[in-house]
>>> print(open('protein-v1.txt').read())   # compact mmCIF, C-alpha atoms
# COMPACT_ATOMS: atom_id res chain seq x y z
CA MET A 206 120.88 69.15 93.75
CA ARG A 207 121.07 72.81 94.65
CA TYR A 208 119.04 74.11 97.63
CA SER A 209 117.96 77.68 98.33
CA ALA A 210 115.71 79.66 100.63
CA ALA A 211 113.78 82.82 99.73
CA ALA A 212 111.96 85.39 101.84
CA ILE A 213 108.66 87.09 101.26
CA LEU A 214 109.15 90.04 103.59
CA THR A 215 106.31 92.40 104.39
CA VAL A 216 106.20 95.86 105.92
CA GLY A 217 102.55 96.39 106.72
CA ASP A 218 100.69 95.51 103.54
CA ARG A 219 103.71 96.11 101.29
CA TYR A 220 106.41 93.76 99.97
CA VAL A 221 110.17 94.18 100.39
CA LEU A 222 112.20 93.53 97.24
CA GLN A 223 115.87 93.66 96.31
CA LEU A 224 117.20 95.25 93.13
CA ARG A 225 119.90 92.81 92.08
CA ASP A 226 123.33 93.95 90.98
CA ALA A 227 123.79 94.74 87.28
CA SER A 228 126.55 92.14 86.88
CA ALA A 229 126.29 89.80 83.88
CA ALA A 230 127.79 87.12 86.15
CA ILE A 231 124.47 86.60 87.99
CA ALA A 232 121.04 85.43 86.92
CA PHE A 233 118.56 88.24 86.26
CA PRO A 234 120.95 91.18 86.64
CA ALA A 235 119.30 94.52 87.50
CA HIS A 236 115.95 92.83 88.20
CA TRP A 237 113.85 93.12 91.34
CA GLY A 238 113.47 89.91 93.33
CA LEU A 239 113.17 88.32 96.74
CA PHE A 240 115.93 88.30 99.32
CA GLY A 241 117.50 84.92 100.09
CA GLY A 242 120.13 82.56 98.79
CA GLU A 243 121.80 79.20 98.87
CA VAL A 244 121.47 76.73 101.72
CA ASP A 245 124.98 75.82 102.88
CA LYS A 246 125.95 72.19 103.42
CA GLY A 247 124.71 71.02 106.83
CA GLU A 248 122.40 74.04 107.18
CA SER A 249 118.60 73.86 107.34
CA PRO A 250 116.55 76.11 105.02
CA LEU A 251 115.29 77.99 108.10
CA ASP A 252 118.84 78.63 109.32
CA ALA A 253 119.79 79.68 105.78
CA ILE A 254 117.04 82.29 105.48
CA ARG A 255 117.89 83.71 108.90
CA ARG A 256 121.56 83.96 107.87
CA GLU A 257 120.80 85.41 104.43
CA ILE A 258 118.50 88.15 105.78
CA ASN A 259 121.12 89.05 108.36
CA GLU A 260 123.85 89.16 105.69
CA GLU A 261 121.78 91.08 103.14
CA LEU A 262 119.74 93.46 105.34
CA ALA A 263 121.48 93.34 108.75
CA LEU A 264 118.22 92.19 110.32
CA ASP A 265 117.82 89.43 112.89
CA VAL A 266 114.44 87.91 112.12
CA ALA A 267 113.36 85.02 114.36
CA GLU A 268 109.68 84.70 113.43
CA TRP A 269 109.43 82.88 110.09
CA ARG A 270 106.54 80.98 108.56
CA GLU A 271 107.24 78.40 105.87
CA VAL A 272 104.80 79.06 103.02
CA GLY A 273 105.90 76.48 100.49
CA SER A 274 108.64 74.70 98.63
CA PHE A 275 109.16 73.64 95.06
CA ALA A 276 111.57 71.99 92.69
CA TYR A 277 112.83 73.91 89.67
CA ALA A 278 115.66 73.99 87.16
CA ALA A 279 118.24 76.69 87.83
CA VAL A 280 119.31 78.95 84.96
CA SER A 281 122.28 76.59 84.59
CA GLY A 282 119.84 73.70 84.15
CA GLU A 283 120.85 72.15 87.47
CA PRO A 284 117.97 70.58 89.43
CA SER A 285 117.17 72.79 92.40
CA HIS A 286 114.82 73.03 95.34
CA SER A 287 113.72 76.19 97.12
CA VAL A 288 111.90 76.74 100.40
CA ILE A 289 109.91 79.95 100.72
CA PHE A 290 109.47 81.68 104.06
CA ALA A 291 107.43 84.74 105.06
CA ALA A 292 108.02 87.27 107.81
CA ASP A 293 106.49 90.60 108.76
CA ILE A 294 109.37 92.99 109.47
CA THR A 295 107.30 96.14 109.99
CA ASP A 296 108.73 96.72 113.46
CA ARG A 297 112.36 96.47 112.33
CA TRP A 298 112.41 97.78 108.76
CA ALA A 299 113.62 101.24 109.84
CA SER A 300 116.84 99.67 111.15
CA HIS A 301 117.74 97.67 108.03
CA LEU A 302 121.08 98.20 106.30
CA LEU A 303 121.37 97.05 102.69
CA ARG A 304 124.54 94.98 102.30
CA GLU A 305 123.81 93.20 99.01
CA GLY A 306 122.26 94.39 95.77
CA GLN A 307 121.74 97.89 94.36
CA ALA A 308 118.67 98.81 96.38
CA ALA A 309 115.88 97.59 98.62
CA GLY A 310 112.35 98.83 98.15
CA VAL A 311 108.94 98.44 99.74
CA PHE A 312 105.99 98.19 97.32
CA HIS A 313 102.24 97.70 97.36
CA PHE A 314 101.23 94.64 95.36
CA GLU A 315 99.55 96.80 92.70
CA GLU A 316 102.77 98.80 92.26
CA LEU A 317 105.45 96.09 92.08
CA PRO A 318 108.47 97.38 90.12
CA THR A 319 109.82 96.17 86.81
CA PRO A 320 111.78 94.40 85.64
CA ILE A 321 110.96 91.74 88.22
CA ILE A 322 112.15 88.14 88.23
CA PRO A 323 109.18 86.11 86.90
CA LEU A 324 109.41 83.51 89.67
CA ALA A 325 109.44 86.25 92.33
CA LEU A 326 106.30 87.75 90.80
CA THR A 327 104.61 84.33 90.78
CA LEU A 328 105.51 83.68 94.44
CA ILE A 329 104.38 87.12 95.61
CA SER A 330 101.15 86.84 93.60
CA HIS A 331 100.33 83.47 95.16
CA TYR A 332 101.21 84.69 98.64
CA HIS A 333 99.20 87.88 98.19
CA ALA A 334 96.13 85.92 97.10
CA THR A 335 96.31 83.53 100.05
CA ARG A 336 97.84 85.52 102.90
CA PRO A 337 95.82 86.18 106.02
CA GLN A 338 94.20 89.60 105.88
CA ARG A 339 95.02 92.04 108.66
CA VAL A 340 92.06 93.15 110.73
CA ALA A 341 91.92 96.86 111.44
CA PRO A 342 91.63 97.73 115.15
>>> encode(input="protein-v1.txt", output="structure tokens")
Amino acid sequence: MRYSAAAILTVGDRYVLQLRDASAAIAFPAHWGLFGGEVDKGESPLDAIRREINEELALDVAEWREVGSFAYAAVSGEPSHSVIFAADITDRWASHLLREGQAAGVFHFEELPTPIIPLALTLISHYHATRPQRVAP
């Protein structure tokens, strides 16, 4: 079984997405999706998402909230399991450095870019519908 971790990152009320490389060697080339990746052997999903966000965005995020997990079949057909985490990175977004993918963008829910990985859209839609609303001061 393959294990992965994905991040729903927010900057204020907007969502951070990655534009994947255009390589035919990866699933969903040149699509927008969530940051994250594989869980290494002996690594917890939480440790994996911390490592992945540091590798991909050069951000050290300590405050994560697990928002769900699910089983799915990878594009290869291999049984897989993913754990989804959320973090608000508003205070550190200005210091990010993209190290993987073509671009990183920040989008309001109503303006999510296309093409977007269908599973990423499903996860963001569910999160958006159930996330705690911020209270204005």
>>> closest_residue(input="protein-v1.txt", among="A:Arg207, A:Arg336, A:Thr327, A:Ala309", to="Lys246 in chain A", atoms="all atoms listed in the file")
A:Arg207
>>> residues_around(input="protein-v1.txt", residues="Ala263 in chain A", least_positions_apart="6", cutoff="8 Å", atoms="only C-alpha atoms", output="list in words")
His301, Leu302, Leu303 and Arg304 of chain A
>>> closest_residue(input="protein-v1.txt", among="A:Thr335, A:Ser274, A:Asn259, A:Thr319", to="Ser300 in chain A", atoms="all atoms listed in the file")
A:Asn259
>>> atom_distance(input="protein-v1.txt", atom1="CA of Trp298 in chain A", atom2="CA of Leu239 in chain A")
15.3 Å
>>> closest_residue(input="protein-v1.txt", among="A:Ile294, A:Val221, A:Ala232, A:Leu251", to="Glu316 in chain A", atoms="only C-alpha atoms")
A:Val221
>>> closest_residue(input="protein-v1.txt", among="A:Ala210, A:Val280, A:Ala267, A:Leu222", to="Glu243 in chain A", atoms="only C-alpha atoms")
A:Ala210
>>> atom_distance(input="protein-v1.txt", atom1="CA of Asp252 in chain A", atom2="CA of His236 in chain A")
25.6 Å
>>> residues_near_point(input="protein-v1.txt", point="(108.9, 84.3, 111.8)", cutoff="10 Å", atoms="only C-alpha atoms", output="list in words")
Leu251, Arg255, Val266, Ala267, Glu268, Trp269, Arg270, Glu271, Phe290, Ala291, Ala292, Asp293 and Ile294 of chain A
>>> closest_residue(input="protein-v1.txt", among="A:Glu257, A:Ser330, A:Gly306, A:Pro284", to="Asp245 in chain A", atoms="all atoms listed in the file")
A:Glu257
>>> closest_residue(input="protein-v1.txt", among="A:Phe240, A:Ile322, A:Glu315, A:His331", to="Arg219 in chain A", atoms="only C-alpha atoms")
A:Glu315
>>> atom_distance(input="protein-v1.txt", atom1="CA of Val311 in chain A", atom2="CA of Ala278 in chain A")
28.3 Å
>>> residues_around(input="protein-v1.txt", residues="Glu305 in chain A", least_positions_apart="5", cutoff="8 Å", atoms="all atoms listed in the file", output="PDB file with C-alpha atoms, in the frame of the given file")
ATOM      1  CA  ARG A 225     119.900  92.810  92.080  1.00  0.00           C
ATOM      2  CA  GLU A 260     123.850  89.160 105.690  1.00  0.00           C
ATOM      3  CA  GLU A 261     121.780  91.080 103.140  1.00  0.00           C
ATOM      4  CA  LEU A 262     119.740  93.460 105.340  1.00  0.00           C
TER       5      LEU A 262
END
>>> axis_aligned_box(input="protein-v1.txt", around="range 235-245 of chain A", padding_each_side="3 Å", output="AutoDock Vina command-line options")
--center_x 119.1 --center_y 85.2 --center_z 95.2 --size_x 17.8 --size_y 24.7 --size_z 21.4
>>> residues_around(input="protein-v1.txt", residues="Gly273 in chain A", least_positions_apart="3", cutoff="9 Å", atoms="only C-alpha atoms", output="list in words")
Ser287, Val288, Ile289 and Phe290 of chain A
>>> decode(input="protein-v1.txt", residues="chain A", atoms="C-alpha atoms", output="compact mmCIF listing (two decimals), in the first residue's frame")
# COMPACT_ATOMS: atom_id res chain seq x y z
CA MET A 206 0.00 0.00 0.00
CA ARG A 207 1.16 3.49 -0.85
CA TYR A 208 0.80 6.28 1.75
CA SER A 209 0.73 10.02 1.15
CA ALA A 210 0.00 13.26 2.96
CA ALA A 211 -1.56 16.39 1.45
CA ALA A 212 -1.88 19.95 2.71
CA ILE A 213 -4.79 22.32 2.52
CA LEU A 214 -2.89 25.56 3.08
CA THR A 215 -4.69 28.83 3.63
CA VAL A 216 -3.58 32.44 3.49
CA GLY A 217 -6.42 34.35 5.08
CA ASP A 218 -9.55 33.11 3.34
CA ARG A 219 -7.67 31.94 0.23
CA TYR A 220 -6.20 28.55 -0.73
CA VAL A 221 -2.59 27.85 -1.72
CA LEU A 222 -2.18 25.59 -4.75
CA GLN A 223 0.74 24.22 -6.73
CA LEU A 224 0.89 24.16 -10.53
CA ARG A 225 2.45 20.79 -11.21
CA ASP A 226 5.27 20.33 -13.70
CA ALA A 227 4.28 19.67 -17.33
CA SER A 228 6.14 16.34 -17.41
CA ALA A 229 4.28 13.37 -18.88
CA ALA A 230 6.10 11.24 -16.27
CA ILE A 231 3.81 12.45 -13.45
CA ALA A 232 0.09 12.16 -12.80
CA PHE A 233 -1.92 15.23 -13.79
CA PRO A 234 0.87 17.20 -15.46
CA ALA A 235 0.32 20.99 -15.65
CA HIS A 236 -2.68 20.79 -13.29
CA TRP A 237 -3.21 22.75 -10.10
CA GLY A 238 -3.27 20.68 -6.91
CA LEU A 239 -2.41 20.49 -3.25
CA PHE A 240 1.13 20.43 -1.90
CA GLY A 241 2.27 17.18 -0.30
CA GLY A 242 3.69 13.82 -1.21
CA GLU A 243 4.64 10.32 -0.23
CA VAL A 244 5.10 9.17 3.35
CA ASP A 245 8.57 7.61 3.63
CA LYS A 246 9.04 4.26 5.34
CA GLY A 247 9.14 4.74 9.12
CA GLU A 248 7.73 8.28 8.84
CA SER A 249 4.36 9.39 10.24
CA PRO A 250 1.96 11.28 7.95
CA LEU A 251 2.43 14.37 10.15
CA ASP A 252 6.21 14.20 9.81
CA ALA A 253 5.77 13.66 6.06
CA ILE A 254 3.63 16.76 5.54
CA ARG A 255 6.05 18.88 7.58
CA ARG A 256 8.95 17.59 5.46
CA GLU A 257 7.09 17.98 2.15
CA ILE A 258 6.07 21.60 2.84
CA ASN A 259 9.62 22.41 3.84
CA GLU A 260 10.99 20.75 0.68
CA GLU A 261 8.40 22.29 -1.67
CA LEU A 262 7.90 25.77 -0.18
CA ALA A 263 10.84 26.23 2.23
CA LEU A 264 8.38 26.78 5.06
CA ASP A 265 8.61 25.30 8.55
CA VAL A 266 5.00 24.77 9.59
CA ALA A 267 4.48 23.29 13.06
CA GLU A 268 0.74 23.88 13.55
CA TRP A 269 -1.17 21.24 11.57
CA ARG A 270 -4.71 19.99 11.98
CA GLU A 271 -5.63 16.58 10.58
CA VAL A 272 -8.88 17.01 8.64
CA GLY A 273 -9.38 13.54 7.25
CA SER A 274 -8.00 10.47 5.58
CA PHE A 275 -9.19 8.18 2.84
CA ALA A 276 -8.29 5.16 0.78
CA TYR A 277 -8.08 5.46 -3.00
CA ALA A 278 -6.57 3.81 -6.04
CA ALA A 279 -3.52 5.60 -7.43
CA VAL A 280 -3.37 6.32 -11.16
CA SER A 281 -1.26 3.14 -11.39
CA GLY A 282 -4.12 1.22 -9.77
CA GLU A 283 -2.12 0.61 -6.60
CA PRO A 284 -4.15 0.79 -3.37
CA SER A 285 -3.26 3.98 -1.55
CA HIS A 286 -4.11 5.91 1.57
CA SER A 287 -3.82 9.66 2.08
CA VAL A 288 -4.00 11.81 5.20
CA ILE A 289 -5.11 15.41 4.71
CA PHE A 290 -3.83 18.19 6.95
CA ALA A 291 -4.72 21.89 7.12
CA ALA A 292 -2.62 24.85 8.20
CA ASP A 293 -3.03 28.61 8.06
CA ILE A 294 0.24 30.04 6.75
CA THR A 295 -0.86 33.67 6.49
CA ASP A 296 1.95 34.87 8.74
CA ARG A 297 4.69 33.11 6.77
CA TRP A 298 3.48 33.09 3.15
CA ALA A 299 5.60 36.13 2.22
CA SER A 300 8.75 34.14 3.01
CA HIS A 301 7.93 31.04 0.93
CA LEU A 302 10.30 29.87 -1.80
CA LEU A 303 8.87 27.56 -4.47
CA ARG A 304 11.20 24.59 -4.91
CA GLU A 305 8.88 22.16 -6.71
CA GLY A 306 6.36 22.65 -9.49
CA GLN A 307 5.90 25.45 -12.02
CA ALA A 308 4.15 27.92 -9.74
CA ALA A 309 2.37 28.47 -6.45
CA GLY A 310 -0.77 30.55 -6.29
CA VAL A 311 -3.24 31.82 -3.71
CA PHE A 312 -6.91 31.75 -4.74
CA HIS A 313 -10.33 32.53 -3.33
CA PHE A 314 -12.59 29.48 -3.41
CA GLU A 315 -14.82 31.05 -6.07
CA GLU A 316 -11.78 31.66 -8.29
CA LEU A 317 -9.91 28.33 -8.13
CA PRO A 318 -7.80 27.86 -11.27
CA THR A 319 -8.17 25.26 -14.00
CA PRO A 320 -7.20 22.68 -14.84
CA ILE A 321 -7.32 21.43 -11.26
CA ILE A 322 -6.86 17.85 -10.08
CA PRO A 323 -10.41 16.57 -9.43
CA LEU A 324 -9.51 15.09 -6.03
CA ALA A 325 -7.91 18.39 -4.95
CA LEU A 326 -11.11 20.22 -5.92
CA THR A 327 -13.20 17.72 -3.95
CA LEU A 328 -11.00 18.07 -0.84
CA ILE A 329 -10.95 21.86 -0.96
CA SER A 330 -14.71 22.00 -1.55
CA HIS A 331 -15.38 19.78 1.46
CA TYR A 332 -12.94 21.72 3.62
CA HIS A 333 -14.38 25.05 2.51
CA ALA A 334 -17.91 23.94 3.37
CA THR A 335 -16.94 22.73 6.85
CA ARG A 336 -14.06 24.95 7.94
CA PRO A 337 -14.47 27.20 10.94
CA GLN A 338 -15.39 30.72 9.86
CA ARG A 339 -13.10 33.53 10.92
CA VAL A 340 -14.70 36.14 13.13
CA ALA A 341 -13.90 39.72 12.19
CA PRO A 342 -12.48 41.81 15.06
